[in-house]
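A.B. asks: Next comes the structure file protein-v1.txt, holding compact mmCIF, C-alpha atoms and all ligand atoms.
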# COMPACT_ATOMS: atom_id res chain seq x y z
CA MET E 1 13.91 177.05 116.24
CA GLN E 2 16.69 174.96 114.69
CA LYS E 3 16.29 171.25 114.12
CA ASN E 4 18.33 168.55 115.92
CA GLN E 5 18.42 170.31 119.23
CA THR E 6 20.16 168.51 122.07
CA ASN E 7 19.32 168.48 125.76
CA LEU E 8 22.19 170.86 126.36
CA SER E 9 21.44 173.27 123.53
CA LEU E 10 17.82 173.62 124.63
CA TYR E 11 18.89 173.98 128.26
CA GLU E 12 21.35 176.75 127.36
CA THR E 13 18.82 178.66 125.24
CA ASP E 14 16.21 178.32 127.96
CA LYS E 15 18.69 179.56 130.53
CA SER E 16 19.18 182.81 128.66
CA ASN E 17 15.43 183.47 128.34
CA TYR E 18 13.51 181.94 131.22
CA LEU E 19 13.41 183.74 134.56
CA PRO E 20 16.01 182.03 136.77
CA THR E 21 13.51 180.72 139.30
CA PHE E 22 13.93 176.96 138.88
CA ALA E 23 17.16 174.99 139.34
CA ARG E 24 16.53 173.09 136.11
CA PHE E 25 18.17 169.88 134.98
CA PRO E 26 19.92 170.00 131.60
CA LEU E 27 17.24 167.78 130.13
CA ALA E 28 14.58 168.54 127.52
CA PHE E 29 11.69 166.16 127.00
CA SER E 30 9.84 165.70 123.76
CA HIS E 31 7.19 163.02 124.24
CA ALA E 32 5.79 160.57 126.75
CA SER E 33 3.41 157.68 127.26
CA GLY E 34 2.24 156.11 130.51
CA ALA E 35 5.13 156.22 132.96
CA GLN E 36 7.77 156.54 130.21
CA ILE E 37 9.12 159.85 128.97
CA TRP E 38 11.69 160.49 126.23
CA ASP E 39 14.23 163.28 125.99
CA VAL E 40 15.00 165.05 122.70
CA GLU E 41 17.99 162.76 122.18
CA GLY E 42 15.80 159.67 122.30
CA ARG E 43 16.66 158.37 125.78
CA ALA E 44 13.71 156.85 127.66
CA TYR E 45 13.18 157.60 131.35
CA LEU E 46 10.89 156.13 133.97
CA ASP E 47 8.86 158.95 135.45
CA LEU E 48 8.16 158.57 139.18
CA LEU E 49 7.51 162.29 139.57
CA ALA E 50 4.73 162.52 136.97
CA GLY E 51 4.93 166.29 136.58
CA ILE E 52 4.80 166.50 140.42
CA ALA E 53 1.71 164.38 141.00
CA VAL E 54 -0.03 165.60 137.84
CA ASN E 55 0.00 162.72 135.36
CA ASN E 56 -2.08 160.43 137.59
CA VAL E 57 -3.55 158.61 134.56
CA GLY E 58 -0.09 158.39 132.94
CA HIS E 59 1.35 160.67 130.30
CA CYS E 60 -0.84 161.31 127.26
CA HIS E 61 -3.55 158.83 128.20
CA PRO E 62 -5.22 158.07 124.81
CA LYS E 63 -8.70 158.83 126.16
CA VAL E 64 -7.61 162.17 127.59
CA SER E 65 -5.68 163.08 124.42
CA ALA E 66 -8.71 162.13 122.30
CA ALA E 67 -11.09 164.20 124.44
CA ILE E 68 -8.76 167.20 124.15
CA SER E 69 -8.43 166.89 120.35
CA LEU E 70 -12.17 166.48 119.91
CA GLN E 71 -12.99 169.44 122.13
CA ALA E 72 -10.26 171.55 120.47
CA GLN E 73 -12.10 171.16 117.19
CA LYS E 74 -15.47 172.11 118.66
CA LEU E 75 -15.05 174.85 121.26
CA MET E 76 -11.93 175.78 123.16
CA HIS E 77 -12.93 178.87 125.01
CA ILE E 78 -15.92 180.97 125.89
CA SER E 79 -16.37 183.63 128.51
CA ASN E 80 -17.62 182.52 131.90
CA PHE E 81 -20.63 184.76 131.20
CA PHE E 82 -21.87 181.69 129.34
CA VAL E 83 -22.30 178.02 130.09
CA SER E 84 -20.64 175.07 128.31
CA GLU E 85 -21.45 171.38 128.30
CA PRO E 86 -18.03 170.14 129.53
CA GLN E 87 -18.01 172.61 132.44
CA VAL E 88 -21.56 171.74 133.48
CA GLU E 89 -20.83 168.01 133.32
CA LEU E 90 -17.56 168.39 135.23
CA GLY E 91 -19.23 170.54 137.87
CA GLU E 92 -21.93 167.93 138.40
CA ARG E 93 -19.44 165.10 138.53
CA LEU E 94 -17.12 166.82 141.00
CA THR E 95 -19.80 168.06 143.40
CA ARG E 96 -21.43 164.60 143.37
CA SER E 97 -18.25 162.62 143.93
CA ALA E 98 -16.95 165.03 146.59
CA ALA E 99 -20.36 165.28 148.30
CA MET E 100 -20.09 169.06 148.16
CA ASN E 101 -22.57 171.57 146.77
CA ARG E 102 -20.72 174.16 144.70
CA VAL E 103 -17.64 174.40 142.52
CA PHE E 104 -15.53 177.13 140.93
CA PHE E 105 -12.93 176.33 138.27
CA THR E 106 -9.40 177.73 138.16
CA ASN E 107 -6.22 177.21 136.14
CA SER E 108 -3.82 176.14 138.87
CA GLY E 109 -3.38 175.04 142.45
CA ALA E 110 -2.42 178.43 143.87
CA GLU E 111 -5.49 179.99 142.26
CA SER E 112 -7.69 177.31 143.84
CA VAL E 113 -6.24 178.11 147.27
CA GLU E 114 -6.59 181.87 146.67
CA GLY E 115 -10.24 181.34 145.83
CA ALA E 116 -10.75 179.09 148.86
CA ILE E 117 -9.24 181.74 151.15
CA LYS E 118 -11.40 184.44 149.57
CA ILE E 119 -14.67 182.59 150.07
CA ALA E 120 -13.69 181.60 153.63
CA ARG E 121 -12.99 185.24 154.42
CA LYS E 122 -16.23 186.38 152.81
CA TYR E 123 -18.15 183.85 154.90
CA ALA E 124 -16.41 185.10 158.06
CA PHE E 125 -17.11 188.73 157.08
CA LYS E 126 -20.81 187.99 156.69
CA LYS E 127 -20.78 186.36 160.13
CA GLY E 128 -19.09 189.40 161.64
CA ARG E 129 -15.80 187.60 162.28
CA SER E 130 -12.21 188.45 161.42
CA GLY E 131 -10.56 186.96 158.35
CA GLN E 132 -7.78 185.22 160.28
CA ILE E 133 -6.55 182.01 158.62
CA LEU E 134 -4.64 179.26 160.41
CA PHE E 135 -2.26 177.14 158.35
CA MET E 136 0.16 174.34 159.16
CA GLU E 137 3.92 174.47 159.57
CA ASN E 138 5.70 172.89 156.57
CA SER E 139 2.60 173.22 154.42
CA PHE E 140 2.68 174.38 150.83
CA HIS E 141 -0.24 176.05 149.11
CA GLY E 142 1.37 177.84 146.15
CA ARG E 143 3.41 180.88 145.19
CA THR E 144 0.95 183.76 144.91
CA LEU E 145 1.04 186.42 147.62
CA ALA E 146 -1.79 184.97 149.72
CA THR E 147 -0.55 181.41 149.34
CA ILE E 148 3.01 182.32 150.39
CA ALA E 149 1.45 184.10 153.38
CA ALA E 150 0.07 180.66 154.28
CA GLY E 151 3.46 179.01 153.85
CA LYS E 152 7.01 178.95 155.05
CA LYS E 153 8.85 182.21 155.75
CA ALA E 154 11.65 181.41 153.27
CA TYR E 155 9.26 181.86 150.34
CA GLN E 156 8.15 185.29 151.62
CA LYS E 157 11.59 186.90 151.72
CA GLY E 158 11.78 189.92 149.43
CA PHE E 159 8.09 189.90 148.55
CA GLY E 160 6.68 192.11 151.27
CA PRO E 161 4.32 193.50 152.20
CA ILE E 162 2.82 190.05 152.68
CA PRO E 163 -0.99 189.85 153.11
CA GLU E 164 -1.96 189.86 156.77
CA GLY E 165 -4.09 187.52 158.81
CA PHE E 166 -2.20 184.22 158.51
CA GLN E 167 -0.90 182.31 161.49
CA SER E 168 0.86 178.94 161.57
CA LEU E 169 0.20 175.90 163.74
CA PRO E 170 2.23 172.72 164.22
CA PHE E 171 0.75 169.93 162.07
CA ASN E 172 -0.84 166.90 163.75
CA ASP E 173 -0.91 168.73 167.09
CA ILE E 174 -4.49 168.99 168.32
CA GLN E 175 -3.52 170.70 171.59
CA ALA E 176 -1.95 173.57 169.65
CA ALA E 177 -5.11 173.77 167.49
CA ARG E 178 -7.28 173.83 170.61
CA ALA E 179 -5.26 176.73 172.00
CA ALA E 180 -5.41 178.73 168.76
CA ILE E 181 -8.91 178.14 167.39
CA ASN E 182 -11.54 180.54 168.65
CA LYS E 183 -14.43 182.59 167.31
CA ASP E 184 -12.02 185.13 165.77
CA ILE E 185 -10.65 182.60 163.30
CA ALA E 186 -12.20 182.40 159.83
CA ALA E 187 -10.70 179.11 158.66
CA VAL E 188 -8.08 176.43 159.09
CA ILE E 189 -6.34 175.24 155.93
CA LEU E 190 -4.35 172.02 155.76
CA GLU E 191 -3.16 169.33 153.37
CA PRO E 192 -4.54 165.94 154.56
CA ILE E 193 -1.20 164.57 153.33
CA GLN E 194 1.51 167.21 153.21
CA GLY E 195 3.37 166.99 149.92
CA GLU E 196 6.17 169.52 149.65
CA GLY E 197 6.60 169.30 153.44
CA GLY E 198 8.00 165.78 153.01
CA VAL E 199 4.99 163.49 152.38
CA VAL E 200 3.53 163.69 155.88
CA PRO E 201 0.04 162.21 156.32
CA ALA E 202 -2.29 163.70 158.90
CA ASP E 203 -3.30 161.38 161.75
CA THR E 204 -6.92 160.28 161.47
CA ASP E 205 -7.67 161.25 165.09
CA TYR E 206 -6.18 164.66 164.45
CA LEU E 207 -8.37 165.38 161.41
CA LYS E 208 -11.47 164.11 163.21
CA ALA E 209 -10.73 166.26 166.27
CA MET E 210 -9.97 169.23 164.02
CA ARG E 211 -13.36 168.84 162.34
CA GLN E 212 -15.08 168.79 165.72
CA LEU E 213 -13.09 171.77 166.98
CA CYS E 214 -13.93 173.83 163.89
CA ASP E 215 -17.61 172.94 164.24
CA GLU E 216 -17.65 173.97 167.89
CA GLN E 217 -16.10 177.34 167.08
CA GLY E 218 -17.90 177.99 163.76
CA VAL E 219 -14.57 177.93 161.92
CA LEU E 220 -14.37 176.67 158.32
CA LEU E 221 -12.13 173.71 157.55
CA ILE E 222 -10.33 173.85 154.19
CA PHE E 223 -8.60 170.77 152.79
CA ASP E 224 -5.96 171.42 150.16
CA GLU E 225 -6.13 168.25 148.06
CA ILE E 226 -4.13 169.67 145.19
CA GLN E 227 -1.38 167.08 145.58
CA CYS E 228 -3.07 164.27 147.52
CA GLY E 229 -6.39 164.34 145.61
CA ILE E 230 -7.57 162.75 142.35
CA GLY E 231 -6.89 159.16 143.34
CA ARG E 232 -3.36 159.57 144.61
CA SER E 233 -4.08 158.57 148.21
CA GLY E 234 -6.00 155.47 147.11
CA LYS E 235 -9.36 157.27 147.25
CA LEU E 236 -10.54 159.88 144.77
CA PHE E 237 -10.16 162.41 147.59
CA ALA E 238 -7.97 161.93 150.65
CA LYS E 239 -10.81 163.29 152.82
CA ASP E 240 -12.64 160.01 152.13
CA LEU E 241 -9.64 157.98 153.24
CA TYR E 242 -9.92 159.80 156.57
CA GLY E 243 -13.70 159.98 156.65
CA VAL E 244 -13.57 163.72 157.37
CA GLN E 245 -15.57 166.19 155.31
CA PRO E 246 -14.17 169.73 154.89
CA ASP E 247 -16.24 172.87 154.23
CA ILE E 248 -14.00 173.85 151.32
CA MET E 249 -11.68 171.68 149.23
CA THR E 250 -9.10 172.67 146.64
CA LEU E 251 -8.01 170.62 143.63
CA ALA E 252 -5.63 171.02 140.66
CA LYS E 253 -2.60 168.96 139.53
CA GLY E 254 -4.05 165.52 138.64
CA LEU E 255 -7.49 166.88 137.79
CA GLY E 256 -6.74 167.64 134.13
CA GLY E 257 -4.56 164.61 133.34
CA GLY E 258 -1.85 167.10 132.29
CA MET E 259 -4.04 170.03 131.23
CA PRO E 260 -3.89 173.04 133.56
CA VAL E 261 -7.17 172.98 135.45
CA GLY E 262 -8.05 173.45 139.11
CA ALA E 263 -11.13 173.85 141.23
CA PHE E 264 -12.37 174.72 144.66
CA LEU E 265 -15.52 173.22 146.05
CA CYS E 266 -17.64 174.23 149.02
CA THR E 267 -20.80 173.48 150.93
CA GLU E 268 -24.05 175.38 150.45
CA LYS E 269 -23.51 177.03 153.84
CA VAL E 270 -20.39 178.77 152.47
CA ALA E 271 -21.83 179.37 149.00
CA ALA E 272 -24.85 181.13 150.54
CA GLU E 273 -22.56 183.98 151.68
CA ILE E 274 -21.00 184.57 148.25
CA ASP E 275 -22.43 187.39 146.18
CA GLY E 276 -22.38 188.08 142.45
CA GLY E 277 -19.08 189.64 141.38
CA ASP E 278 -17.14 188.31 144.41
CA HIS E 279 -14.74 186.28 142.29
CA GLY E 280 -13.96 185.69 138.63
CA THR E 281 -11.64 184.21 136.03
CA THR E 282 -11.22 184.40 132.26
CA PHE E 283 -9.79 180.97 131.56
CA GLY E 284 -10.85 178.99 134.62
CA GLY E 285 -13.00 176.04 133.59
CA ASN E 286 -12.90 176.65 129.87
CA PRO E 287 -14.41 173.87 127.73
CA LEU E 288 -11.01 172.49 126.67
CA ALA E 289 -9.72 172.16 130.23
CA CYS E 290 -13.02 170.72 131.45
CA ALA E 291 -13.13 168.13 128.65
CA ALA E 292 -9.65 166.98 129.70
CA ALA E 293 -10.69 166.81 133.36
CA LEU E 294 -13.86 164.88 132.57
CA ALA E 295 -11.92 162.35 130.51
CA THR E 296 -9.36 162.04 133.32
CA LEU E 297 -12.01 161.36 135.98
CA LYS E 298 -13.69 158.80 133.71
CA VAL E 299 -10.37 157.00 133.17
CA ILE E 300 -9.74 156.92 136.92
CA GLU E 301 -13.14 155.33 137.46
CA GLU E 302 -13.18 152.95 134.47
CA GLU E 303 -9.63 151.71 135.02
CA GLY E 304 -9.98 151.45 138.81
CA LEU E 305 -7.00 153.72 139.43
CA CYS E 306 -7.88 154.49 143.06
CA GLY E 307 -7.68 150.75 143.76
CA ALA E 308 -4.48 150.58 141.70
CA ALA E 309 -2.97 153.37 143.85
CA ARG E 310 -3.89 151.39 146.98
CA HIS E 311 -2.61 148.03 145.75
CA THR E 312 0.52 149.20 143.94
CA GLY E 313 1.22 151.61 146.80
CA ALA E 314 0.98 148.81 149.38
CA TRP E 315 3.21 146.57 147.27
CA LEU E 316 5.80 149.33 146.78
CA THR E 317 5.71 150.22 150.49
CA GLU E 318 6.39 146.60 151.39
CA LYS E 319 9.37 146.47 149.01
CA LEU E 320 10.70 149.76 150.39
CA GLU E 321 10.26 148.50 153.95
CA GLY E 322 12.40 145.52 152.90
CA LEU E 323 15.11 147.91 151.71
CA LYS E 324 14.81 149.87 154.95
CA LYS E 325 15.49 146.68 156.93
CA ARG E 326 18.56 145.99 154.83
CA PHE E 327 19.82 149.58 154.85
CA PRO E 328 18.84 150.97 158.26
CA ASN E 329 21.78 153.38 158.18
CA HIS E 330 20.44 155.04 155.07
CA ILE E 331 16.65 154.70 155.22
CA LYS E 332 14.90 156.10 158.25
CA GLU E 333 11.23 155.72 157.41
CA ILE E 334 8.75 154.97 154.62
CA ARG E 335 5.60 157.04 154.83
CA GLY E 336 2.62 158.17 152.80
CA LYS E 337 -0.65 156.80 151.44
CA GLY E 338 -1.49 155.09 148.17
CA LEU E 339 0.99 156.20 145.53
CA MET E 340 2.11 159.29 147.39
CA LEU E 341 5.15 157.92 149.16
CA GLY E 342 8.17 159.40 150.85
CA VAL E 343 11.36 157.52 151.58
CA VAL E 344 12.85 159.41 154.52
CA MET E 345 16.64 159.16 154.39
CA HIS E 346 19.16 159.77 157.15
CA SER E 347 20.96 162.16 154.80
CA GLU E 348 20.05 164.53 151.94
CA ALA E 349 17.93 162.88 149.23
CA LYS E 350 19.27 164.99 146.33
CA PRO E 351 22.32 162.74 145.64
CA ILE E 352 19.91 159.80 145.29
CA VAL E 353 17.78 161.77 142.84
CA MET E 354 20.92 162.46 140.77
CA ALA E 355 22.03 158.82 140.92
CA LEU E 356 18.55 157.70 139.82
CA LEU E 357 18.60 160.20 136.97
CA GLU E 358 21.90 158.74 135.76
CA ARG E 359 19.97 155.47 135.53
CA ALA E 360 17.14 157.19 133.61
CA ILE E 361 14.71 157.33 136.52
CA ILE E 362 13.00 160.57 137.53
CA ALA E 363 12.09 161.17 141.17
CA ASN E 364 12.53 164.14 143.42
CA ALA E 365 13.78 165.25 146.79
CA THR E 366 11.58 167.25 149.10
CA ALA E 367 12.03 168.63 152.60
CA GLY E 368 15.77 167.90 152.27
CA ASN E 369 15.93 164.23 153.16
CA VAL E 370 12.76 162.81 151.60
CA LEU E 371 12.78 160.96 148.29
CA ARG E 372 9.28 161.61 146.93
CA LEU E 373 7.57 159.01 144.74
CA VAL E 374 4.36 160.17 143.02
CA PRO E 375 4.23 158.07 139.82
CA PRO E 376 1.25 157.62 137.49
CA LEU E 377 -1.37 155.56 139.33
CA ASN E 378 -1.39 153.00 136.50
CA ILE E 379 2.36 152.37 136.67
CA ARG E 380 3.19 148.67 136.33
CA LYS E 381 5.01 146.63 138.96
CA GLN E 382 7.68 145.70 136.38
CA GLU E 383 8.38 149.40 135.94
CA LEU E 384 8.65 149.90 139.68
CA GLU E 385 10.98 146.90 139.89
CA VAL E 386 13.38 148.79 137.61
CA PHE E 387 13.36 151.61 140.17
CA LEU E 388 13.73 149.23 143.13
CA ASN E 389 16.75 147.53 141.57
CA ALA E 390 18.37 150.88 140.78
CA PHE E 391 17.65 152.19 144.28
CA GLU E 392 19.15 149.06 145.83
CA GLU E 393 22.27 149.47 143.70
CA ILE E 394 22.58 153.10 144.82
CA LEU E 395 22.06 152.18 148.50
CA ASN E 396 24.74 149.50 148.14
CA SER E 397 27.18 152.04 146.75
CA MET E 398 26.60 154.49 149.60
CA LYS E 399 28.98 154.50 152.57
CA ALA E 400 27.55 152.73 155.62
C1 LIG Z 1 -0.79 171.01 148.29
C2 LIG Z 1 -0.50 172.02 147.22
N1 LIG Z 1 -1.23 173.13 147.15
C3 LIG Z 1 -1.01 174.06 146.20
C4 LIG Z 1 -0.02 173.91 145.26
C5 LIG Z 1 0.20 174.96 144.21
O1 LIG Z 1 -0.20 174.50 142.97
P1 LIG Z 1 0.27 175.23 141.64
O2 LIG Z 1 1.74 175.01 141.51
O3 LIG Z 1 -0.53 174.59 140.56
O4 LIG Z 1 -0.05 176.68 141.80
C6 LIG Z 1 0.77 172.76 145.30
C7 LIG Z 1 1.86 172.56 144.33
O5 LIG Z 1 2.80 171.84 144.54
C8 LIG Z 1 0.54 171.79 146.30
O6 LIG Z 1 1.26 170.67 146.38
Let me see whether you can do it: turn the structure in this file into structure tokens.
C.D. replies:
Amino acid sequence: MQKNQTNLSLYETDKSNYLPTFARFPLAFSHASGAQIWDVEGRAYLDLLAGIAVNNVGHCHPKVSAAISLQAQKLMHISNFFVSEPQVELGERLTRSAAMNRVFFTNSGAESVEGAIKIARKYAFKKGRSGQILFMENSFHGRTLATIAAGKKAYQKGFGPIPEGFQSLPFNDIQAARAAINKDIAAVILEPIQGEGGVVPADTDYLKAMRQLCDEQGVLLIFDEIQCGIGRSGKLFAKDLYGVQPDIMTLAKGLGGGMPVGAFLCTEKVAAEIDGGDHGTTFGGNPLACAAALATLKVIEEEGLCGAARHTGAWLTEKLEGLKKRFPNHIKEIRGKGLMLGVVMHSEAKPIVMALLERAIIANATAGNVLRLVPPLNIRKQELEVFLNAFEEILNSMKA
């Protein structure tokens, strides 16, 4: 590759090679630290997207980078026929902190959900039940065939035949759940806080009633914590914010501090129905990925980042509520938990994303009219003030 590449030159080259699946910005980043990220031309940006809720400990946290370099010099990969220290330690740490019994490591969110669906179906099969899975409207669980089957119809178009046995339910509607859940259902999967669906938190009463309903009918409850987990909600896992324990939980995104690593965890009841050879992976949970995840979890604990997500999130929410009061014609609602916040606009959020980008601030629009803010959990208030000032300026420039 030639030297002195620009944002545009890299964008153009990428465009001719990469499959045209993403509507990419003409921006190429070269390095980052904390909540700051620099493009190849040297411009610094404030990153409120954090790789879509991935860089929870900030970009290139020195302790995570050090753990990766150290592990890279010792042992990067072995087959899952063998055991490694980082994987064992991570497995112990995750099962303990999640109060679950078993774990399986993956490389991504969609793979975690695939695995969760597989073990739920295997459990149902052993109990002589069908493999029917209920999922929530506006949920997002990934882009593999099974995960698009558990998602919105738009993502299924052109990819048929779609795996069978998935049925949607309105979110936060316990009456609809009551009508649909019976002994023929294998599992219910939901995000405790919907991410791609527009940052929509579940109601506590709803999750509690859902737990009870699933127990009554012998149905497994799967929480997809890929976006809302790893400290983002203000607790290490959103399930603990709600005080509701699932049978299966999926993780990815923030788990590796930027390294691709995911996991699904389950109770012993579910694990007891899984047989040798039921599932597998070559890369999932390799020593390098696990060393990164371990370092990430230690940083979250040592630096109190769950508390930081709660406090900074509450502070930011208050500031955004202030803007909502001043700009009621533009801002409809502020919602979310911890540092997973959505500013619901009366109009499309994309023009705001573009206006923020012009001011070197990265955020994103989801569900059409929601400005999604999922910054590093250790972002400083001074950094968020830069965003708040820019946002105010943009709101001022918008027509009433
Ligand atoms: C809740 C949830 N589940 C699953 C996924 C899929 O994760 P991945 O893109 O790593 O496959 C995502 C990604 O946005 C997500 O937010």
A.B. asks: Which is closest to E:Arg121 among E:Ile162, E:Ala360, E:Gly109, E:Leu134, if we use all atoms listed in the file?
C.D. replies: E:Leu134
A.B. asks: Between atom CA of E:Gln227 and atom CA of E:Met249, what is the spacing in Å?
C.D. replies: 11.9 Å
A.B. asks: Hey, which residues sit close to ligand LIG 1 (chain Z)? Say within 7 Å, counting all atoms listed in the file, and write them as a list in words.
C.D. replies: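 Final answer, ordered by chain and number: Ser108, Gly109, Ala110, Glu111, Val113, Phe140, His141, Gly142, Arg143, Glu191, Gln194, Gly195, Glu196, Asp224, Glu225, Ile226, Gln227, Ala252 and Lys253 of chain E.
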A.B. asks: Using all atoms listed in the file, which residues sit within 12 Å of E:Ser65 once same-chain residues fewer than 3 positions away are excluded, as a list in words?
C.D. replies: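 That gives Ala32, Ser33, Val57, Gly58, His59, Cys60, His61, Pro62, Ile68, Ser69, Leu70, Gln71, Ala72, Gly256, Gly257, Gly258, Met259, Leu288, Ala289, Ala291, Ala292, Ala293, Leu294, Ala295, Thr296 and Val299 of chain E.
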A.B. asks: May I have the protein, DNA and RNA residues with an atom at most 10 Å from (20.6, 171.1, 126.1), counting all atoms listed in the file in the file's coordinates, returned as a count of residues only?
C.D. replies: 17
A.B. asks: With all atoms listed in the file as the atoms that count, which of E:Leu297, E:Leu305, E:Leu251, E:Met345 lies nearest to E:Thr106?
C.D. replies: E:Leu251
A.B. asks: Could you tell me how far atom CA of E:Asp278 lies from atom CA of E:Val88, in Å and to one decimal?
C.D. replies: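 One can read the atom CA of E:Asp278 to atom CA of E:Val88 distance as 20.3 Å.
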